[in-house]
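K.L.:
This one is protein.txt, compact mmCIF, C-alpha atoms.
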```txt
# COMPACT_ATOMS: atom_id res chain seq x y z
CA MET A 1387 -40.18 15.55 49.17
CA SER A 1388 -42.92 15.02 51.71
CA ALA A 1389 -46.36 16.60 51.68
CA HIS A 1390 -46.78 20.26 52.53
CA ARG A 1391 -46.32 20.87 56.25
CA PRO A 1392 -48.65 23.13 58.22
CA ALA A 1393 -47.36 26.48 59.41
CA ALA A 1394 -45.68 26.69 62.78
CA PRO A 1395 -48.18 26.90 65.62
CA VAL A 1396 -48.00 29.97 67.85
CA LEU A 1397 -47.40 29.21 71.53
CA ASP A 1398 -48.27 31.72 74.23
CA THR A 1399 -47.20 31.90 77.86
CA PRO A 1400 -48.34 34.58 80.28
CA ARG A 1401 -45.51 36.91 79.18
CA LEU A 1402 -44.22 35.48 75.91
CA ARG A 1403 -45.20 34.50 72.38
CA LEU A 1404 -43.34 31.85 70.40
CA ARG A 1405 -44.09 32.46 66.73
CA PRO A 1406 -42.56 31.97 63.30
CA PHE A 1407 -39.80 34.37 62.28
CA VAL A 1408 -40.78 37.17 59.89
CA GLU A 1409 -38.63 39.43 57.75
CA SER A 1410 -38.97 42.36 60.16
CA ASP A 1411 -37.14 40.29 62.85
CA TRP A 1412 -33.92 40.38 60.85
CA GLN A 1413 -32.29 43.55 62.21
CA ALA A 1414 -32.92 42.73 65.89
CA TYR A 1415 -31.88 39.11 65.35
CA ALA A 1416 -28.71 40.21 63.53
CA ALA A 1417 -27.82 42.56 66.38
CA MET A 1418 -28.22 39.73 68.87
CA CYS A 1419 -26.10 37.35 66.77
CA GLY A 1420 -23.44 40.03 66.36
CA ASP A 1421 -22.86 40.15 70.14
CA ALA A 1422 -19.77 38.09 71.05
CA GLU A 1423 -21.03 37.40 74.58
CA VAL A 1424 -24.36 36.07 73.28
CA MET A 1425 -22.67 33.84 70.69
CA ARG A 1426 -19.81 32.62 72.88
CA HIS A 1427 -21.44 29.21 73.54
CA ILE A 1428 -23.42 28.88 70.28
CA GLY A 1429 -22.20 26.84 67.30
CA THR A 1430 -18.48 27.44 66.95
CA GLY A 1431 -18.60 30.49 69.24
CA VAL A 1432 -18.24 33.01 66.42
CA VAL A 1433 -20.50 36.04 65.92
CA GLN A 1434 -22.68 36.13 62.83
CA SER A 1435 -22.65 38.84 60.22
CA LYS A 1436 -25.97 40.42 59.27
CA GLU A 1437 -26.00 38.23 56.17
CA ASP A 1438 -25.35 35.09 58.25
CA ALA A 1439 -28.21 36.06 60.56
CA TRP A 1440 -30.46 36.37 57.50
CA ARG A 1441 -29.41 32.88 56.37
CA SER A 1442 -30.08 31.53 59.86
CA ILE A 1443 -33.63 32.85 59.78
CA ALA A 1444 -34.10 31.29 56.34
CA MET A 1445 -32.77 27.98 57.70
CA PHE A 1446 -35.17 28.15 60.66
CA LEU A 1447 -38.10 28.66 58.30
CA GLY A 1448 -36.87 25.90 55.99
CA HIS A 1449 -36.53 23.55 58.94
CA TRP A 1450 -40.27 23.99 59.61
CA THR A 1451 -41.02 23.04 56.00
CA LEU A 1452 -38.70 20.03 55.90
CA ARG A 1453 -39.18 18.64 59.41
CA GLY A 1454 -42.48 20.08 60.60
CA HIS A 1455 -40.78 21.73 63.58
CA GLY A 1456 -38.11 24.34 64.16
CA MET A 1457 -37.05 27.51 65.91
CA TYR A 1458 -39.53 30.12 67.02
CA ALA A 1459 -38.97 33.84 67.28
CA LEU A 1460 -39.46 34.71 70.94
CA GLU A 1461 -41.21 37.97 71.74
CA ARG A 1462 -42.75 39.72 74.70
CA ARG A 1463 -46.53 39.65 74.33
CA ASP A 1464 -47.06 43.10 75.82
CA THR A 1465 -44.56 44.97 73.63
CA GLY A 1466 -43.84 42.72 70.64
CA THR A 1467 -40.11 43.08 71.35
CA LEU A 1468 -38.00 40.29 69.86
CA LEU A 1469 -36.12 38.71 72.77
CA GLY A 1470 -34.42 35.85 70.94
CA ARG A 1471 -35.26 32.38 69.72
CA VAL A 1472 -36.37 29.09 71.21
CA GLY A 1473 -37.40 25.85 69.60
CA PHE A 1474 -36.32 22.68 67.92
CA HIS A 1475 -33.30 21.79 65.87
CA GLU A 1476 -32.79 18.46 64.13
CA PRO A 1477 -30.86 18.83 60.88
CA ALA A 1478 -29.53 15.75 59.09
CA GLY A 1479 -26.84 14.05 61.16
CA TRP A 1480 -27.74 15.87 64.41
CA PRO A 1481 -27.45 13.88 67.68
CA GLY A 1482 -31.20 14.05 68.37
CA PHE A 1483 -34.32 16.17 68.63
CA GLU A 1484 -32.88 19.26 70.29
CA LEU A 1485 -34.60 22.03 72.21
CA GLY A 1486 -32.46 25.17 72.17
CA TRP A 1487 -32.73 28.81 73.20
CA LEU A 1488 -30.85 32.04 72.67
CA LEU A 1489 -31.67 35.48 74.04
CA ALA A 1490 -30.26 38.93 73.43
CA ARG A 1491 -28.05 39.90 76.36
CA GLU A 1492 -30.29 42.74 77.53
CA HIS A 1493 -33.02 40.15 78.16
CA TRP A 1494 -30.96 37.80 80.32
CA GLY A 1495 -31.93 37.30 83.93
CA HIS A 1496 -35.71 37.74 83.60
CA GLY A 1497 -36.69 34.06 83.35
CA TYR A 1498 -37.67 34.36 79.68
CA ALA A 1499 -35.51 31.43 78.50
CA ARG A 1500 -36.88 29.14 81.21
CA GLU A 1501 -40.49 30.16 80.53
CA ALA A 1502 -40.17 29.75 76.77
CA ALA A 1503 -38.19 26.50 76.93
CA ALA A 1504 -40.73 25.00 79.35
CA ALA A 1505 -43.59 25.89 76.97
CA ALA A 1506 -41.72 24.40 74.00
CA LEU A 1507 -40.92 21.23 75.96
CA ARG A 1508 -44.59 20.80 76.94
CA HIS A 1509 -45.52 21.27 73.28
CA ALA A 1510 -42.98 18.62 72.20
CA PHE A 1511 -44.43 16.06 74.63
CA ASP A 1512 -48.13 16.94 74.54
CA ARG A 1513 -48.72 17.94 70.91
CA MET A 1514 -45.78 16.53 68.97
CA ARG A 1515 -45.81 13.25 70.92
CA ARG A 1516 -42.03 13.22 71.31
CA GLU A 1517 -40.68 10.66 73.77
CA ARG A 1518 -37.24 12.29 74.23
CA VAL A 1519 -35.92 15.82 73.91
CA ILE A 1520 -32.28 16.84 74.32
CA SER A 1521 -30.44 20.11 74.74
CA LEU A 1522 -26.81 20.33 73.66
CA ILE A 1523 -24.94 22.75 75.90
CA ARG A 1524 -21.28 23.77 76.08
CA PRO A 1525 -19.82 22.75 79.48
CA ASP A 1526 -19.05 26.32 80.57
CA ASN A 1527 -22.49 27.69 79.63
CA THR A 1528 -23.79 27.80 83.19
CA ARG A 1529 -26.83 29.92 82.29
CA SER A 1530 -28.14 27.35 79.80
CA ILE A 1531 -27.36 24.48 82.15
CA ALA A 1532 -29.52 26.22 84.77
CA VAL A 1533 -32.38 26.59 82.25
CA ALA A 1534 -32.12 22.92 81.21
CA GLU A 1535 -32.23 21.78 84.83
CA ALA A 1536 -35.09 24.17 85.67
CA ILE A 1537 -37.28 22.63 82.95
CA GLY A 1538 -36.51 19.10 84.12
CA GLU A 1539 -33.69 18.05 81.82
CA ARG A 1540 -30.90 15.95 83.33
CA LEU A 1541 -27.31 15.45 82.24
CA GLN A 1542 -26.95 12.21 80.26
CA GLY A 1543 -23.48 12.48 78.75
CA GLN A 1544 -21.59 14.41 76.13
CA VAL A 1545 -20.97 14.44 72.38
CA GLU A 1546 -18.57 16.12 70.03
CA LEU A 1547 -20.44 18.91 68.27
CA LEU A 1548 -18.98 21.29 65.69
CA GLY A 1549 -15.42 20.57 66.82
CA SER A 1550 -15.81 20.70 70.60
CA ASN A 1551 -17.60 18.93 73.44
CA ALA A 1552 -21.23 19.54 74.30
CA LEU A 1553 -23.14 18.21 77.27
CA VAL A 1554 -26.30 16.27 76.46
CA TYR A 1555 -29.20 17.20 78.71
CA GLU A 1556 -32.31 15.07 78.30
CA ALA A 1557 -35.97 15.10 79.20
CA LEU A 1558 -38.17 12.05 78.75
CA CYS A 1559 -41.93 12.16 78.34
CA ARG A 1560 -43.58 11.02 81.54
```
Write out the structure in this file as structure tokens.
P.N.:
Amino acid sequence: MSAHRPAAPVLDTPRLRLRPFVESDWQAYAAMCGDAEVMRHIGTGVVQSKEDAWRSIAMFLGHWTLRGHGMYALERRDTGTLLGRVGFHEPAGWPGFELGWLLAREHWGHGYAREAAAAALRHAFDRMRRERVISLIRPDNTRSIAVAEAIGERLQGQVELLGSNALVYEALCR
């Protein structure tokens, strides 16, 4: 086991805060992950139970400890409302250092995913010194494709992921 990793840094944008998950996020996160439309393009496309959402939060926090990076809880700075998650995913055997995002349906269409993903991507290049970041997106997930393209990622190919195809969008440090 490697040395103790520092806590996740908090990233702020004009409207948003990217911060570590806390226990009080569980109910709102579980509601989001229980929405079939939200989860349609995530993982295997199946909704999560409340217990599965709890385990996901625990995995996100563990990812920070094991890898030194991970998923952030995404909240509005002015209200503290949990909007979703954004951040990095790179478990053992994963195709690369992935930037991903997921928002509760009622928060779609406000530019939050683009704003948060852009901040996370800048952090990956400027602070984490990453040379390459990918986003793995299901081919029919047009909303996420639009976010990836808006932050400067470009389609590089596809991979099989969790039993189906995923497009590989990529951004390289300039």
K.L.:
Nearest to Leu1488 in chain A: which of A:Val1472, A:Ile1520, A:Val1408, A:Ala1393 is it, counting only C-alpha atoms?
P.N.:
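Answer, going by the shortest atom-to-atom distance: A:Val1472.
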K.L.:
When distances are computed from all atoms listed in the file, which of A:Ala1505, A:Met1457, A:Trp1480, A:Leu1558 shows the smallest separation from Val1545 in chain A?
P.N.:
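Of A:Ala1505, A:Met1457, A:Trp1480, A:Leu1558, the one nearest Val1545 in chain A, counting all atoms listed in the file, is A:Trp1480.
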K.L.:
I need the residue nearest Arg1463 in chain A from this list: A:Leu1402, A:Ala1504, A:Ala1536, A:Ala1510. Use all atoms listed in the file for the distance.
P.N.:
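Checking each candidate against Arg1463 in chain A, we get A:Leu1402 as the closest.
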K.L.:
Measure the distance from CA of Tyr1415 in chain A to CA of Gly1473 in chain A in Å and round it to one decimal.
P.N.:
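Atom-to-atom, CA of Tyr1415 in chain A to CA of Gly1473 in chain A, that is 15.0 Å.
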K.L.:
Work out how far apart CA of Gly1497 in chain A and CA of Ala1394 in chain A are and give it in Å to one decimal.
P.N.:
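Between CA of Gly1497 in chain A and CA of Ala1394 in chain A the gap works out to 23.6 Å.
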K.L.:
For the atom pair CA of Ser1530 in chain A and CA of Glu1492 in chain A, what is the interatomic distance in Å to one decimal place?
P.N.:
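Separating CA of Ser1530 in chain A from CA of Glu1492 in chain A is a distance of 15.7 Å.
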K.L.:
List the neighbours of Leu1548 in chain A out to 12 Å using only C-alpha atoms; skip same-chain residues closer than 6 positions along the sequence, and give me the result as a PyMOL selection string.
P.N.:
chain A and resi 1427-1432+1479-1481+1522-1524
K.L.:
Which residues are close to Asp1411 in chain A, i.e. within 9 Å by all atoms listed in the file, leaving aside same-chain residues fewer than 5 positions away? Reply as a list in words.
P.N.:
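Once the nearby chain positions are removed, what remains is Ala1416, Ile1443, Ala1459 and Leu1468 of chain A.
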K.L.:
Using only C-alpha atoms, give me every residue within 12 Å of (-35.0, 33.7, 69.6) in file coordinates, as an NGL selection string.
P.N.:
:A and (1402-1408 or 1411-1412 or 1414-1419 or 1424 or 1439 or 1442-1443 or 1446 or 1456-1462 or 1467-1474 or 1485-1491 or 1493 or 1498-1499 or 1502-1503)
K.L.:
Taking into account only C-alpha atoms, which residue in the set A:Arg1560, A:Arg1441, A:His1455, A:Lys1436 is nearest to Arg1508 in chain A?
P.N.:
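Closest candidate: A:Arg1560.
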K.L.:
Which residue out of A:Gly1454, A:Asp1512, A:Ala1506, A:Arg1500 has the minimum interatomic distance to Ala1532 in chain A when all atoms listed in the file are used?
P.N.:
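Closest residue, counting all atoms listed in the file: A:Arg1500.
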K.L.:
Rank A:Arg1513, A:Gly1466, A:Glu1476, A:Gly1543 by their smallest atom-to-atom distance to Ser1410 in chain A, using all atoms listed in the file, and report the top residue only.
P.N.:
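Of A:Arg1513, A:Gly1466, A:Glu1476, A:Gly1543, the one nearest Ser1410 in chain A is A:Gly1466, counting all atoms listed in the file.
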K.L.:
Please rebuild range 1390-1423 of chain A with N, CA and C atoms and return the result as a PDB file, keeping the file's coordinate frame.
P.N.:
```
ATOM      1  N   HIS A1390     -46.884  18.925  51.943  1.00  0.00           N
ATOM      2  CA  HIS A1390     -46.780  20.260  52.530  1.00  0.00           C
ATOM      3  C   HIS A1390     -47.038  20.198  54.028  1.00  0.00           C
ATOM      4  N   ARG A1391     -46.191  20.852  54.790  1.00  0.00           N
ATOM      5  CA  ARG A1391     -46.320  20.870  56.250  1.00  0.00           C
ATOM      6  C   ARG A1391     -47.123  22.094  56.672  1.00  0.00           C
ATOM      7  N   PRO A1392     -47.910  21.962  57.732  1.00  0.00           N
ATOM      8  CA  PRO A1392     -48.650  23.130  58.220  1.00  0.00           C
ATOM      9  C   PRO A1392     -47.694  24.176  58.787  1.00  0.00           C
ATOM     10  N   ALA A1393     -48.164  25.394  58.853  1.00  0.00           N
ATOM     11  CA  ALA A1393     -47.360  26.480  59.410  1.00  0.00           C
ATOM     12  C   ALA A1393     -47.090  26.214  60.886  1.00  0.00           C
ATOM     13  N   ALA A1394     -46.051  26.837  61.371  1.00  0.00           N
ATOM     14  CA  ALA A1394     -45.680  26.690  62.780  1.00  0.00           C
ATOM     15  C   ALA A1394     -46.810  27.189  63.673  1.00  0.00           C
ATOM     16  N   PRO A1395     -47.170  26.409  64.683  1.00  0.00           N
ATOM     17  CA  PRO A1395     -48.180  26.900  65.620  1.00  0.00           C
ATOM     18  C   PRO A1395     -47.597  28.004  66.492  1.00  0.00           C
ATOM     19  N   VAL A1396     -48.422  28.920  66.915  1.00  0.00           N
ATOM     20  CA  VAL A1396     -48.000  29.970  67.850  1.00  0.00           C
ATOM     21  C   VAL A1396     -48.262  29.459  69.254  1.00  0.00           C
ATOM     22  N   LEU A1397     -47.270  29.614  70.131  1.00  0.00           N
ATOM     23  CA  LEU A1397     -47.400  29.210  71.530  1.00  0.00           C
ATOM     24  C   LEU A1397     -47.328  30.455  72.397  1.00  0.00           C
ATOM     25  N   ASP A1398     -48.256  30.578  73.316  1.00  0.00           N
ATOM     26  CA  ASP A1398     -48.270  31.720  74.230  1.00  0.00           C
ATOM     27  C   ASP A1398     -48.056  31.252  75.657  1.00  0.00           C
ATOM     28  N   THR A1399     -47.321  32.049  76.409  1.00  0.00           N
ATOM     29  CA  THR A1399     -47.200  31.900  77.860  1.00  0.00           C
ATOM     30  C   THR A1399     -47.753  33.196  78.437  1.00  0.00           C
ATOM     31  N   PRO A1400     -47.826  33.315  79.744  1.00  0.00           N
ATOM     32  CA  PRO A1400     -48.340  34.580  80.280  1.00  0.00           C
ATOM     33  C   PRO A1400     -47.594  35.827  79.787  1.00  0.00           C
ATOM     34  N   ARG A1401     -46.284  35.734  79.601  1.00  0.00           N
ATOM     35  CA  ARG A1401     -45.510  36.910  79.180  1.00  0.00           C
ATOM     36  C   ARG A1401     -44.995  36.849  77.753  1.00  0.00           C
ATOM     37  N   LEU A1402     -44.966  35.671  77.154  1.00  0.00           N
ATOM     38  CA  LEU A1402     -44.220  35.480  75.910  1.00  0.00           C
ATOM     39  C   LEU A1402     -45.069  34.889  74.794  1.00  0.00           C
ATOM     40  N   ARG A1403     -44.613  35.120  73.574  1.00  0.00           N
ATOM     41  CA  ARG A1403     -45.200  34.500  72.380  1.00  0.00           C
ATOM     42  C   ARG A1403     -44.061  33.848  71.604  1.00  0.00           C
ATOM     43  N   LEU A1404     -44.243  32.589  71.266  1.00  0.00           N
ATOM     44  CA  LEU A1404     -43.340  31.850  70.400  1.00  0.00           C
ATOM     45  C   LEU A1404     -44.037  31.760  69.061  1.00  0.00           C
ATOM     46  N   ARG A1405     -43.434  32.345  68.035  1.00  0.00           N
ATOM     47  CA  ARG A1405     -44.090  32.460  66.730  1.00  0.00           C
ATOM     48  C   ARG A1405     -43.056  32.277  65.629  1.00  0.00           C
ATOM     49  N   PRO A1406     -43.516  32.072  64.400  1.00  0.00           N
ATOM     50  CA  PRO A1406     -42.560  31.970  63.300  1.00  0.00           C
ATOM     51  C   PRO A1406     -41.801  33.288  63.103  1.00  0.00           C
ATOM     52  N   PHE A1407     -40.573  33.175  62.638  1.00  0.00           N
ATOM     53  CA  PHE A1407     -39.800  34.370  62.280  1.00  0.00           C
ATOM     54  C   PHE A1407     -40.447  35.043  61.070  1.00  0.00           C
ATOM     55  N   VAL A1408     -40.339  36.365  61.029  1.00  0.00           N
ATOM     56  CA  VAL A1408     -40.780  37.170  59.890  1.00  0.00           C
ATOM     57  C   VAL A1408     -39.626  38.083  59.481  1.00  0.00           C
ATOM     58  N   GLU A1409     -39.717  38.619  58.280  1.00  0.00           N
ATOM     59  CA  GLU A1409     -38.630  39.430  57.750  1.00  0.00           C
ATOM     60  C   GLU A1409     -38.261  40.602  58.663  1.00  0.00           C
ATOM     61  N   SER A1410     -39.245  41.198  59.307  1.00  0.00           N
ATOM     62  CA  SER A1410     -38.970  42.360  60.160  1.00  0.00           C
ATOM     63  C   SER A1410     -38.170  42.003  61.422  1.00  0.00           C
ATOM     64  N   ASP A1411     -37.974  40.715  61.716  1.00  0.00           N
ATOM     65  CA  ASP A1411     -37.140  40.290  62.850  1.00  0.00           C
ATOM     66  C   ASP A1411     -35.648  40.398  62.541  1.00  0.00           C
ATOM     67  N   TRP A1412     -35.302  40.515  61.282  1.00  0.00           N
ATOM     68  CA  TRP A1412     -33.920  40.380  60.850  1.00  0.00           C
ATOM     69  C   TRP A1412     -32.952  41.320  61.565  1.00  0.00           C
ATOM     70  N   GLN A1413     -33.251  42.595  61.636  1.00  0.00           N
ATOM     71  CA  GLN A1413     -32.290  43.550  62.210  1.00  0.00           C
ATOM     72  C   GLN A1413     -32.038  43.257  63.697  1.00  0.00           C
ATOM     73  N   ALA A1414     -33.089  43.028  64.460  1.00  0.00           N
ATOM     74  CA  ALA A1414     -32.920  42.730  65.890  1.00  0.00           C
ATOM     75  C   ALA A1414     -32.202  41.390  66.074  1.00  0.00           C
ATOM     76  N   TYR A1415     -32.537  40.409  65.249  1.00  0.00           N
ATOM     77  CA  TYR A1415     -31.880  39.110  65.350  1.00  0.00           C
ATOM     78  C   TYR A1415     -30.396  39.232  64.980  1.00  0.00           C
ATOM     79  N   ALA A1416     -30.107  40.000  63.940  1.00  0.00           N
ATOM     80  CA  ALA A1416     -28.710  40.210  63.530  1.00  0.00           C
ATOM     81  C   ALA A1416     -27.916  40.906  64.621  1.00  0.00           C
ATOM     82  N   ALA A1417     -28.514  41.882  65.281  1.00  0.00           N
ATOM     83  CA  ALA A1417     -27.820  42.560  66.380  1.00  0.00           C
ATOM     84  C   ALA A1417     -27.501  41.580  67.506  1.00  0.00           C
ATOM     85  N   MET A1418     -28.432  40.728  67.836  1.00  0.00           N
ATOM     86  CA  MET A1418     -28.220  39.730  68.870  1.00  0.00           C
ATOM     87  C   MET A1418     -27.092  38.774  68.479  1.00  0.00           C
ATOM     88  N   CYS A1419     -27.104  38.311  67.240  1.00  0.00           N
ATOM     89  CA  CYS A1419     -26.100  37.350  66.770  1.00  0.00           C
ATOM     90  C   CYS A1419     -24.744  37.998  66.503  1.00  0.00           C
ATOM     91  N   GLY A1420     -24.700  39.310  66.505  1.00  0.00           N
ATOM     92  CA  GLY A1420     -23.440  40.030  66.360  1.00  0.00           C
ATOM     93  C   GLY A1420     -22.772  40.327  67.692  1.00  0.00           C
ATOM     94  N   ASP A1421     -23.385  39.923  68.797  1.00  0.00           N
ATOM     95  CA  ASP A1421     -22.860  40.150  70.140  1.00  0.00           C
ATOM     96  C   ASP A1421     -22.011  38.947  70.539  1.00  0.00           C
ATOM     97  N   ALA A1422     -20.709  39.172  70.730  1.00  0.00           N
ATOM     98  CA  ALA A1422     -19.770  38.090  71.050  1.00  0.00           C
ATOM     99  C   ALA A1422     -20.145  37.349  72.323  1.00  0.00           C
ATOM    100  N   GLU A1423     -20.657  38.056  73.323  1.00  0.00           N
ATOM    101  CA  GLU A1423     -21.030  37.400  74.580  1.00  0.00           C
ATOM    102  C   GLU A1423     -22.237  36.484  74.389  1.00  0.00           C
TER     103      GLU A1423
END
```
